[in-house]
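Trainee: Dropping in target36.txt, with compact mmCIF, C-alpha atoms.
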```
# COMPACT_ATOMS: atom_id res chain seq x y z
CA ILE L 23 86.73 88.19 100.01
CA THR L 24 83.74 85.94 100.65
CA SER L 25 81.56 87.74 103.14
CA ARG L 26 78.57 85.90 101.65
CA TYR L 27 79.02 82.68 99.76
CA PRO L 28 76.93 82.46 96.54
CA LEU L 29 73.81 80.33 96.77
CA TYR L 30 74.30 76.68 95.94
CA GLN L 31 71.69 74.68 94.11
CA LEU L 32 71.90 71.14 92.79
CA GLY L 33 73.95 71.02 89.61
CA ASN L 34 75.97 74.20 90.31
CA PRO L 35 79.73 73.96 89.80
CA GLN L 36 81.97 73.44 92.83
CA LEU L 37 82.59 76.70 94.65
CA ARG L 38 86.21 77.80 94.35
CA ILE L 39 88.08 80.60 96.06
CA PHE L 40 90.93 82.32 94.27
CA ARG L 41 93.33 84.42 96.32
CA PRO L 42 91.98 83.45 99.78
CA ASN L 43 92.18 86.20 102.39
CA TRP L 44 92.66 83.80 105.32
CA PHE L 45 95.78 83.69 107.44
CA LEU L 46 96.80 80.78 109.65
CA THR L 47 98.98 81.24 112.74
CA LEU L 48 100.94 78.24 113.97
CA VAL L 49 101.00 78.37 117.76
CA ARG L 50 102.85 76.49 120.45
CA PRO L 51 100.33 74.22 122.20
CA GLY L 52 99.49 75.22 125.75
CA LYS L 53 98.80 71.64 126.82
CA GLU L 54 100.85 68.63 125.79
CA GLN L 55 99.70 67.39 122.35
CA PRO L 56 100.46 64.10 120.56
CA PRO L 57 103.55 64.30 118.33
CA ASP L 58 101.65 64.45 115.04
CA THR L 59 99.34 67.30 116.10
CA VAL L 60 99.89 70.86 114.94
CA GLN L 61 97.93 73.71 116.52
CA PHE L 62 96.73 76.67 114.45
CA ARG L 63 94.75 79.81 115.09
CA ILE L 64 92.44 80.28 112.15
CA PRO L 65 89.89 82.95 111.22
CA MET L 66 86.35 82.33 112.44
CA GLU L 67 84.97 81.95 108.93
CA MET L 68 87.10 78.90 108.08
CA THR L 69 85.78 75.35 108.43
CA LYS L 70 87.64 72.05 108.82
CA TYR L 71 87.41 71.40 105.09
CA ASP L 72 88.75 74.86 104.35
CA VAL L 73 91.77 74.30 106.58
CA LYS L 74 92.38 70.88 105.06
CA ASN L 75 92.33 72.19 101.52
CA TYR L 76 94.36 75.25 102.50
CA LEU L 77 97.18 73.21 104.00
CA GLU L 78 97.15 70.58 101.28
CA LYS L 79 97.07 72.95 98.33
CA ILE L 80 99.18 75.89 99.52
CA TYR L 81 101.62 74.21 101.91
CA ASP L 82 101.62 70.68 100.47
CA VAL L 83 101.12 69.21 103.95
CA PRO L 84 99.28 65.87 104.11
CA VAL L 85 96.44 66.34 106.58
CA GLY L 86 94.74 63.52 108.43
CA ALA L 87 92.15 64.32 111.07
CA ILE L 88 91.33 67.89 111.98
CA ARG L 89 89.29 69.29 114.85
CA THR L 90 88.31 72.88 115.55
CA ARG L 91 87.00 74.81 118.51
CA ILE L 92 86.21 78.45 119.20
CA GLN L 93 88.09 80.08 122.03
CA PHE L 94 86.08 82.70 123.86
CA GLY L 95 88.12 85.87 124.44
CA SER L 96 87.56 87.18 127.96
CA ASN L 97 85.27 90.14 128.58
CA LYS L 98 86.11 90.35 132.27
CA LYS L 99 88.99 92.84 132.41
CA ARG L 100 88.23 96.49 132.82
CA ASN L 101 90.17 99.56 131.69
CA HIS L 102 90.93 102.76 133.62
CA LEU L 103 87.37 103.97 132.89
CA HIS L 104 85.95 100.81 134.48
CA GLN L 105 84.63 99.73 131.05
CA LYS L 106 84.78 96.10 130.10
CA VAL L 107 87.47 95.34 127.53
CA LYS L 108 86.82 92.42 125.22
CA GLN L 109 89.69 90.22 124.05
CA PRO L 110 88.87 88.98 120.53
CA ASP L 111 87.50 85.46 120.06
CA TYR L 112 89.45 83.11 117.84
CA LYS L 113 89.11 79.65 116.36
CA VAL L 114 91.72 76.99 117.10
CA ALA L 115 92.36 74.03 114.80
CA TYR L 116 94.18 70.86 115.86
CA VAL L 117 95.56 69.28 112.69
CA GLN L 118 96.89 65.73 112.76
CA LEU L 119 99.37 65.03 110.01
CA ALA L 120 98.95 61.97 107.80
CA GLN L 121 101.65 59.53 106.63
CA GLY L 122 103.11 59.18 110.12
CA GLN L 123 104.75 62.62 110.11
CA THR L 124 105.60 64.34 113.37
CA PHE L 125 106.05 67.97 114.27
CA THR L 126 107.62 69.70 117.26
CA PHE L 127 107.35 73.43 117.70
CA PRO L 128 110.91 74.77 117.32
CA ASP L 129 112.63 77.26 119.59
CA ILE L 130 112.52 80.43 117.53
CA PHE L 131 114.24 82.72 120.04
CA PRO L 132 117.52 81.04 120.98
CA GLU L 133 120.04 82.92 123.13
CA LYS L 134 122.46 84.69 120.86
CA GLU L 135 125.84 86.26 121.74
CA LEU L 136 125.77 89.95 120.90
CA LYS L 137 128.97 90.70 119.03
CA HIS L 138 129.66 94.40 118.56
CA GLU L 139 131.74 95.60 115.61
CA GLU L 140 135.38 96.61 116.14
CA GLY L 141 135.95 100.21 117.23
CA SER L 142 132.26 101.00 117.75
CA MET L 143 130.86 102.99 120.69
CA GLU L 144 129.03 99.95 122.11
CA GLU L 145 132.20 97.89 122.13
CA MET L 146 134.12 100.55 124.06
CA GLN L 147 131.24 100.90 126.56
CA GLU L 148 131.17 97.12 127.05
CA LYS L 149 134.90 97.05 127.67
CA PHE L 150 134.67 99.90 130.16
CA MET L 151 131.87 98.14 132.07
CA GLU L 152 133.91 94.94 132.12
CA ASP L 153 136.93 96.77 133.62
CA GLU L 154 134.75 98.43 136.24
CA LYS L 155 133.28 95.09 137.28
CA GLN L 156 136.77 93.59 137.43
CA ARG L 157 137.89 96.30 139.83
CA GLN L 158 134.87 95.72 142.08
CA ARG L 159 135.60 91.99 142.41
CA LEU L 160 137.80 90.76 145.30
CA ASP L 161 141.18 89.11 144.95
CA PRO L 162 140.54 85.60 143.58
CA ARG L 163 143.34 84.24 145.75
CA ARG L 164 141.23 84.90 148.89
CA GLY L 165 138.89 82.11 147.78
CA GLY L 166 135.56 83.92 148.19
CA VAL L 167 136.30 85.14 151.74
CA THR L 168 135.05 88.71 152.34
CA GLU L 169 137.21 91.70 153.34
CA TRP L 170 135.54 91.72 156.79
CA PHE L 171 137.99 89.12 157.98
CA GLY L 172 141.34 90.82 158.64
CA LEU L 173 144.33 89.86 156.54
CA MET A 2 75.34 72.25 105.18
CA ASN A 3 79.07 72.18 104.67
CA ILE A 4 80.36 73.75 101.53
CA ASN A 5 83.47 72.12 100.18
CA LEU A 6 85.74 74.94 99.23
CA ILE A 7 88.44 73.72 96.91
CA LEU A 8 91.09 76.30 96.34
CA GLY A 9 91.85 77.00 92.73
CA ILE A 10 95.58 77.67 92.51
CA PHE A 11 98.03 77.59 89.72
CA ILE A 12 100.70 74.99 90.32
CA LEU A 13 103.30 76.63 92.52
CA LYS A 14 105.84 73.83 92.31
CA GLY A 15 108.03 75.36 89.65
CA TRP A 16 108.08 78.71 91.39
CA ASP A 17 108.46 77.38 94.88
CA TRP A 18 109.61 79.44 97.78
CA VAL A 19 112.87 77.63 98.44
CA GLY A 20 115.54 80.28 98.32
CA ARG A 21 114.33 82.69 100.96
CA GLU A 22 117.08 85.17 100.24
CA LYS A 23 114.52 86.87 98.01
CA SER A 24 111.87 88.33 100.30
CA PRO A 25 108.39 88.75 98.79
CA LEU A 26 108.78 92.50 99.27
CA ALA A 27 110.01 94.30 96.20
CA ALA A 28 113.15 96.31 95.70
CA LEU A 29 115.59 94.49 97.95
CA SER A 30 116.87 91.60 95.89
CA TRP A 31 113.88 91.24 93.60
CA ARG A 32 115.26 93.61 91.04
CA SER A 33 118.87 92.42 91.17
CA PRO A 34 118.88 88.64 91.14
CA SER A 35 122.50 88.62 90.04
CA SER A 36 123.82 90.24 93.24
CA SER A 37 124.83 87.66 95.81
CA VAL A 38 122.73 87.86 98.96
CA ALA A 39 122.59 85.42 101.90
CA PRO A 40 123.38 81.81 100.89
CA CYS A 41 120.50 79.58 99.81
CA ARG A 42 119.07 77.37 102.53
CA ALA A 43 120.38 73.83 102.34
CA LEU A 44 117.73 71.20 101.75
CA HIS A 45 117.29 69.00 104.77
CA THR A 46 116.84 65.30 104.41
CA THR A 47 114.33 64.72 107.21
CA ILE A 48 110.79 63.55 106.48
CA SER A 49 109.28 66.24 104.25
CA ARG A 50 108.15 68.66 106.94
CA ARG A 51 109.04 71.27 104.37
CA GLY A 52 105.42 72.29 104.24
CA LEU A 53 105.27 73.31 107.89
CA ASP A 54 108.80 74.78 107.81
CA GLU A 55 107.37 77.51 105.63
CA PHE A 56 105.67 78.85 108.74
CA PHE A 57 109.09 79.74 110.11
CA ASP A 58 111.92 81.93 108.91
CA LEU A 59 115.38 80.71 107.92
CA PRO A 60 117.17 79.31 110.99
CA GLU A 61 119.83 82.06 110.71
CA ASN A 62 117.18 84.68 111.40
CA TRP A 63 115.89 83.04 114.57
CA GLY A 64 116.69 85.27 117.55
CA GLU A 65 117.74 88.31 115.53
CA THR A 66 116.43 91.69 116.66
CA THR A 67 116.14 93.14 113.16
CA VAL A 68 115.60 91.32 109.88
CA LYS A 69 116.19 93.20 106.64
CA SER A 70 113.23 93.52 104.34
CA GLY A 71 112.47 95.53 101.23
CA ALA A 72 109.80 98.07 100.40
CA PRO A 73 106.20 96.99 99.86
CA TRP A 74 104.89 96.54 96.33
CA THR A 75 103.33 99.68 94.86
CA ALA A 76 100.21 99.60 92.69
CA LYS A 77 102.26 101.00 89.80
CA GLN A 78 104.72 98.11 89.96
CA LEU A 79 101.92 95.57 90.27
CA ARG A 80 100.11 96.89 87.21
CA THR A 81 103.09 95.90 85.07
CA LYS A 82 102.78 92.24 86.12
CA SER A 83 100.72 89.61 84.32
CA ASN A 84 97.71 87.92 85.92
CA GLU A 85 99.59 84.68 86.51
CA ASP A 86 102.41 86.55 88.24
CA LEU A 87 99.95 88.44 90.42
CA HIS A 88 98.21 85.19 91.34
CA LYS A 89 101.50 83.61 92.37
CA LEU A 90 102.55 86.75 94.22
CA TRP A 91 99.34 86.65 96.23
CA TYR A 92 100.24 83.22 97.59
CA VAL A 93 103.82 84.26 98.25
CA LEU A 94 102.56 87.23 100.26
CA LEU A 95 100.03 85.01 102.01
CA LYS A 96 102.72 82.58 103.15
CA GLU A 97 104.95 85.44 104.27
CA LYS A 98 102.11 86.90 106.32
CA ASN A 99 101.45 83.52 107.93
CA LEU A 100 105.14 83.30 108.81
CA LEU A 101 105.12 86.75 110.37
CA LEU A 102 101.93 86.06 112.33
CA THR A 103 103.39 82.86 113.79
CA LEU A 104 106.51 84.81 114.73
CA GLU A 105 104.44 87.53 116.37
CA GLN A 106 102.43 85.04 118.40
CA GLU A 107 105.52 83.13 119.49
CA ALA A 108 107.22 86.39 120.50
CA LYS A 109 104.18 87.27 122.64
CA ARG A 110 104.30 83.79 124.17
CA GLN A 111 108.00 84.02 125.02
CA ARG A 112 107.62 87.67 126.13
CA VAL A 113 110.31 88.79 123.70
CA PRO A 114 110.09 91.71 121.24
CA MET A 115 109.31 90.60 117.72
CA SER A 116 112.05 91.26 115.14
CA SER A 117 111.04 94.06 112.73
CA PRO A 118 107.23 94.10 113.09
CA GLU A 119 106.84 96.59 110.24
CA ARG A 120 107.10 93.64 107.82
CA ILE A 121 103.51 92.66 108.58
CA ARG A 122 102.26 96.14 107.66
CA LYS A 123 104.29 96.07 104.45
CA VAL A 124 102.85 92.71 103.41
CA GLU A 125 99.32 93.86 104.25
CA ARG A 126 99.71 96.97 102.11
CA SER A 127 101.12 94.95 99.22
CA MET A 128 98.17 92.58 99.37
CA ILE A 129 95.66 95.43 99.46
CA ARG A 130 97.27 97.03 96.43
CA LEU A 131 97.36 93.71 94.60
CA GLU A 132 93.67 93.28 95.26
CA THR A 133 92.86 96.77 93.96
CA VAL A 134 94.85 96.10 90.77
CA VAL A 135 93.09 92.77 90.19
CA ASN A 136 89.69 94.37 90.83
CA GLU A 137 90.50 97.17 88.38
CA ARG A 138 91.34 94.64 85.67
CA GLU A 139 88.27 92.56 86.43
CA SER A 140 85.93 95.55 86.33
CA ALA A 141 87.45 96.78 83.05
CA LEU A 142 86.94 93.33 81.53
CA ARG A 143 83.37 93.15 82.80
CA MET A 144 82.63 96.61 81.42
CA LEU A 145 83.91 95.60 78.00
CA GLN A 146 82.19 92.24 77.90
CA THR A 147 78.83 92.97 79.49
CA GLY A 148 78.54 96.73 80.00
CA GLN A 149 77.96 96.26 83.77
CA GLU A 150 80.01 98.46 86.07
CA LYS A 151 79.51 96.49 89.29
CA ALA A 152 79.78 92.74 89.84
CA ARG A 153 76.93 92.65 92.36
CA PRO A 154 73.63 94.13 91.10
CA GLY A 155 71.86 96.78 93.13
CA ALA A 156 69.54 99.77 92.96
CA TRP A 157 69.05 103.24 94.45
CA ARG A 158 66.34 102.97 97.09
CA ARG A 159 64.80 105.14 99.79
CA ASP A 160 64.60 104.03 103.38
CA LYS A 161 61.90 104.97 105.91
CA PHE A 162 63.79 108.11 106.97
CA GLY A 163 64.01 109.58 103.49
CA HIS A 164 67.67 108.69 102.89
CA VAL A 165 68.52 107.55 99.36
CA TYR A 166 71.14 104.80 99.37
CA TRP A 167 72.58 102.08 97.11
CA TYR A 168 70.82 98.86 98.07
CA ARG A 169 72.86 95.80 97.03
CA PHE A 170 70.82 92.79 96.01
CA LYS A 171 71.09 89.53 97.87
CA GLU A 172 70.89 86.12 96.22
CA TYR A 173 67.73 84.12 96.96
CA ALA A 174 66.42 80.80 95.66
CA ILE A 175 62.86 82.13 95.31
CA PRO A 176 61.48 85.26 93.57
CA TRP A 177 60.85 88.39 95.65
CA TYR A 178 57.06 88.13 95.63
CA MET A 179 57.32 84.73 97.39
CA ASN A 180 59.84 86.02 99.96
CA ARG A 181 57.93 86.94 103.13
CA ARG A 182 60.86 88.45 105.01
CA TYR A 183 61.78 90.65 102.05
CA LYS A 184 58.21 91.89 101.62
CA ARG A 185 58.20 93.15 105.20
CA LYS A 186 61.00 95.58 104.25
CA SER A 187 59.67 98.92 103.05
CA PHE A 188 61.69 100.88 100.55
CA PHE A 189 59.57 104.01 100.60
CA THR A 190 59.21 107.08 102.81
CA PRO A 191 55.76 107.55 104.43
CA LYS A 192 54.11 110.96 104.21
CA PHE A 193 54.37 111.76 107.92
CA VAL A 194 58.18 111.67 107.68
CA GLN A 195 58.18 114.75 105.38
CA PRO A 196 58.31 117.32 108.24
CA HIS A 197 61.28 115.48 109.76
CA ILE A 198 63.07 115.48 106.38
CA ARG A 199 62.41 119.21 106.04
CA LEU A 200 63.85 119.92 109.48
CA ARG A 201 66.88 117.77 108.73
CA LEU A 202 67.45 119.63 105.47
CA GLU A 203 67.16 122.99 107.21
CA LYS A 204 69.68 121.90 109.84
CA TYR A 205 72.11 120.77 107.18
CA LEU A 206 71.78 124.01 105.20
CA ARG A 207 72.21 126.05 108.37
CA GLN A 208 75.41 124.20 109.25
CA ARG A 209 76.76 124.70 105.73
CA ALA A 210 75.90 128.40 105.77
CA ARG A 211 77.59 128.78 109.16
CA LYS A 212 80.73 127.12 107.85
CA THR A 213 80.99 129.34 104.76
CA SER A 214 80.29 132.53 106.69
CA LEU A 215 82.92 131.54 109.27
CA GLU A 216 85.49 131.02 106.54
CA ARG A 217 84.60 134.36 104.92
CA ARG A 218 84.86 136.14 108.29
CA THR A 219 88.29 134.65 109.09
CA GLN A 220 89.58 135.53 105.62
CA SER A 221 88.36 139.14 105.89
CA LYS A 222 89.93 139.49 109.38
CA LEU A 223 93.26 138.11 108.13
CA LYS A 224 93.16 140.48 105.17
CA GLU A 225 92.56 143.39 107.55
CA LYS A 226 95.54 142.43 109.71
CA PHE A 227 97.90 141.39 106.93
CA PRO A 228 96.83 143.29 103.78
CA HIS A 229 99.91 142.26 101.76
CA ALA A 230 99.78 138.57 102.61
CA ASN A 231 98.87 135.94 99.98
CA ILE A 232 95.44 134.39 100.23
CA SER A 233 95.90 130.74 101.17
CA ALA A 234 94.67 128.13 98.76
CA SER A 235 92.59 126.27 101.38
```
How does this structure look as structure tokens?
Mentor:
Amino acid sequence: ITSRYPLYQLGNPQLRIFRPNWFLTLVRPGKEQPPDTVQFRIPMEMTKYDVKNYLEKIYDVPVGAIRTRIQFGSNKKRNHLHQKVKQPDYKVAYVQLAQGQTFTFPDIFPEKELKHEEGSMEEMQEKFMEDEKQRQRLDPRRGGVTEWFGL
Amino acid sequence: MNINLILGIFILKGWDWVGREKSPLAALSWRSPSSSVAPCRALHTTISRRGLDEFFDLPENWGETTVKSGAPWTAKQLRTKSNEDLHKLWYVLLKEKNLLLTLEQEAKRQRVPMSSPERIRKVERSMIRLETVVNERESALRMLQTGQEKARPGAWRRDKFGHVYWYRFKEYAIPWYMNRRYKRKSFFTPKFVQPHIRLRLEKYLRQRARKTSLERRTQSKLKEKFPHANISAS
């Protein structure tokens, strides 16, 4: 919403933003970070104070120190027309939580067993594939010895 | 100079986003709170990391290929809501979008397809519509109170090439006659640009005439071939 902030002169009221249009992305750190550090990708227009207020007011997260840097998106790769393709730049914020809190990035994509419903097409296909594989396998009593050896 | 931006929010505590069975998208369980949906998430007793847990979905949804979500909010539905409700809804949508963006990034990192990516588009559309509704209300209020249509003042001005455009004023600390950079801008068309304007106008009129004559020619040809056919409305 704020492409240009209104001019500030001494005595003006504190600038407030209602309905901020900024979105934070929590990312898994590439390098090992201390246990209380959370890594975010933030829009370029945000400052450290913005991020601090954002997290404290909207997410109720006590924020200690915060550091930001701008990651340059590479302009090296070329497309099929030999034109340079720019990856967008983004700002990264390293937020250290106050009050001794720690944070570890959870595993959001755990391995899950796919259970098909009873009597469905997929279930029958799975069963068929299982039977086929069973027929291909050798006799377990041979103990892993191949058919090359007679008897 | 760092500007301290303090966010003005209504207190969200009473309306907090605990039971995530209600998605911020309308029409799934929003309208029928009595119907039993997925069980409410149990409160965990660890150190209150609750704040950062709002960046992630319910643990049951981790690893799913599709997650159910409702339709986006329409402008018509949003116009029935009060200002406070819209304000709260904005933050709900904001948090949901943050959640989805973290999920997207993590999916890219783990090289796994993201579950139901259309949710991001739905949330974006809802937010855009919310913003239009709020702007409508604001502009109506401003019209009634001050008689101004636009929030930011401006004027119709000519540029050097003869184009007339809406110039939006910028805020300065000094008046315009003391502003050197502003005085270097010229909002008038010099006399020697008149031939160029004339040629441009002729080109435009020629293109328009060509278009209309083309349409007329195609219509007459079609009428010749198919005399009983209806004339299309285009």
Trainee: Please determine, counting only C-alpha atoms, which residue among L:Arg157, L:His102, L:Lys113, L:Arg163 has the shortest atom-to-atom distance to Thr47 in chain L.
Mentor: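 Smallest separation from Thr47 in chain L among the options: L:Lys113.
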Trainee: Please compute the CA of Gly148 in chain A-CA of Ala174 in chain A distance, one decimal, in Å.
Mentor: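 A separation of 25.4 Å between them.
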Trainee: For chain L against chain A, with a cut-off of 6 Å and counting all atoms listed in the file, what is the closest atom pair and its distance in Å to one decimal for every residue that makes the cut, ordered by chain and number, as JSON lines?
Mentor:
```
{"residue": "L:Leu37", "atom": "CA", "partner": "A:Leu6", "partner_atom": "CA", "distance": 5.8}
{"residue": "L:Arg38", "atom": "CA", "partner": "A:Ile7", "partner_atom": "CA", "distance": 5.3}
{"residue": "L:Ile39", "atom": "CA", "partner": "A:Leu8", "partner_atom": "CA", "distance": 5.3}
{"residue": "L:Phe40", "atom": "CA", "partner": "A:Gly9", "partner_atom": "CA", "distance": 5.6}
{"residue": "L:Phe45", "atom": "CA", "partner": "A:Asn99", "partner_atom": "CA", "distance": 5.7}
{"residue": "L:Leu46", "atom": "CA", "partner": "A:Asn99", "partner_atom": "CA", "distance": 5.7}
{"residue": "L:Thr47", "atom": "CA", "partner": "A:Thr103", "partner_atom": "CA", "distance": 4.8}
{"residue": "L:Leu48", "atom": "CA", "partner": "A:Thr103", "partner_atom": "CA", "distance": 5.2}
{"residue": "L:Asp72", "atom": "CA", "partner": "A:Leu6", "partner_atom": "CA", "distance": 5.9}
{"residue": "L:Tyr81", "atom": "CA", "partner": "A:Gly52", "partner_atom": "CA", "distance": 4.9}
{"residue": "L:Asp82", "atom": "CA", "partner": "A:Gly52", "partner_atom": "CA", "distance": 5.6}
{"residue": "L:Val83", "atom": "CA", "partner": "A:Gly52", "partner_atom": "CA", "distance": 5.3}
{"residue": "L:Ile130", "atom": "CA", "partner": "A:Trp63", "partner_atom": "CA", "distance": 5.2}
{"residue": "L:Phe131", "atom": "CA", "partner": "A:Gly64", "partner_atom": "CA", "distance": 4.3}
{"residue": "L:Pro132", "atom": "CA", "partner": "A:Gly64", "partner_atom": "CA", "distance": 5.5}
```
Trainee: Near Ile88 in chain L, counting all atoms listed in the file, which residues have an atom at most 12 Å away, once you skip same-chain residues fewer than 6 positions from it, shown as a PyMOL selection string?
Mentor: chain L and resi 58-62+69-75+77+114-120
Trainee: Rounded to one decimal, what separation in Å do you get between CA of Gln121 in chain L and CA of Met68 in chain L?
Mentor: 24.3 Å
Trainee: Please, what distance in Å, to one decimal, runs between CA of Gln78 in chain A and CA of Tyr76 in chain L?
Mentor: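 Those two atoms sit 28.1 Å apart.
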Trainee: Taking every listed atom of range 78-93 of chain A and adding 4 Å to each side, what centre and edge lengths in Å (one decimal) does the axis-aligned box have, as JSON?
Mentor:
```
{"center_x": 101.2, "center_y": 90.7, "center_z": 91.3, "size_x": 15.0, "size_y": 22.9, "size_z": 21.9}
```
Trainee: So, with all atoms listed in the file as the atoms that count, which of A:Arg126, A:Lys161, A:Arg218, A:Arg182 lies closest to Gln195 in chain A?
Mentor: A:Lys161
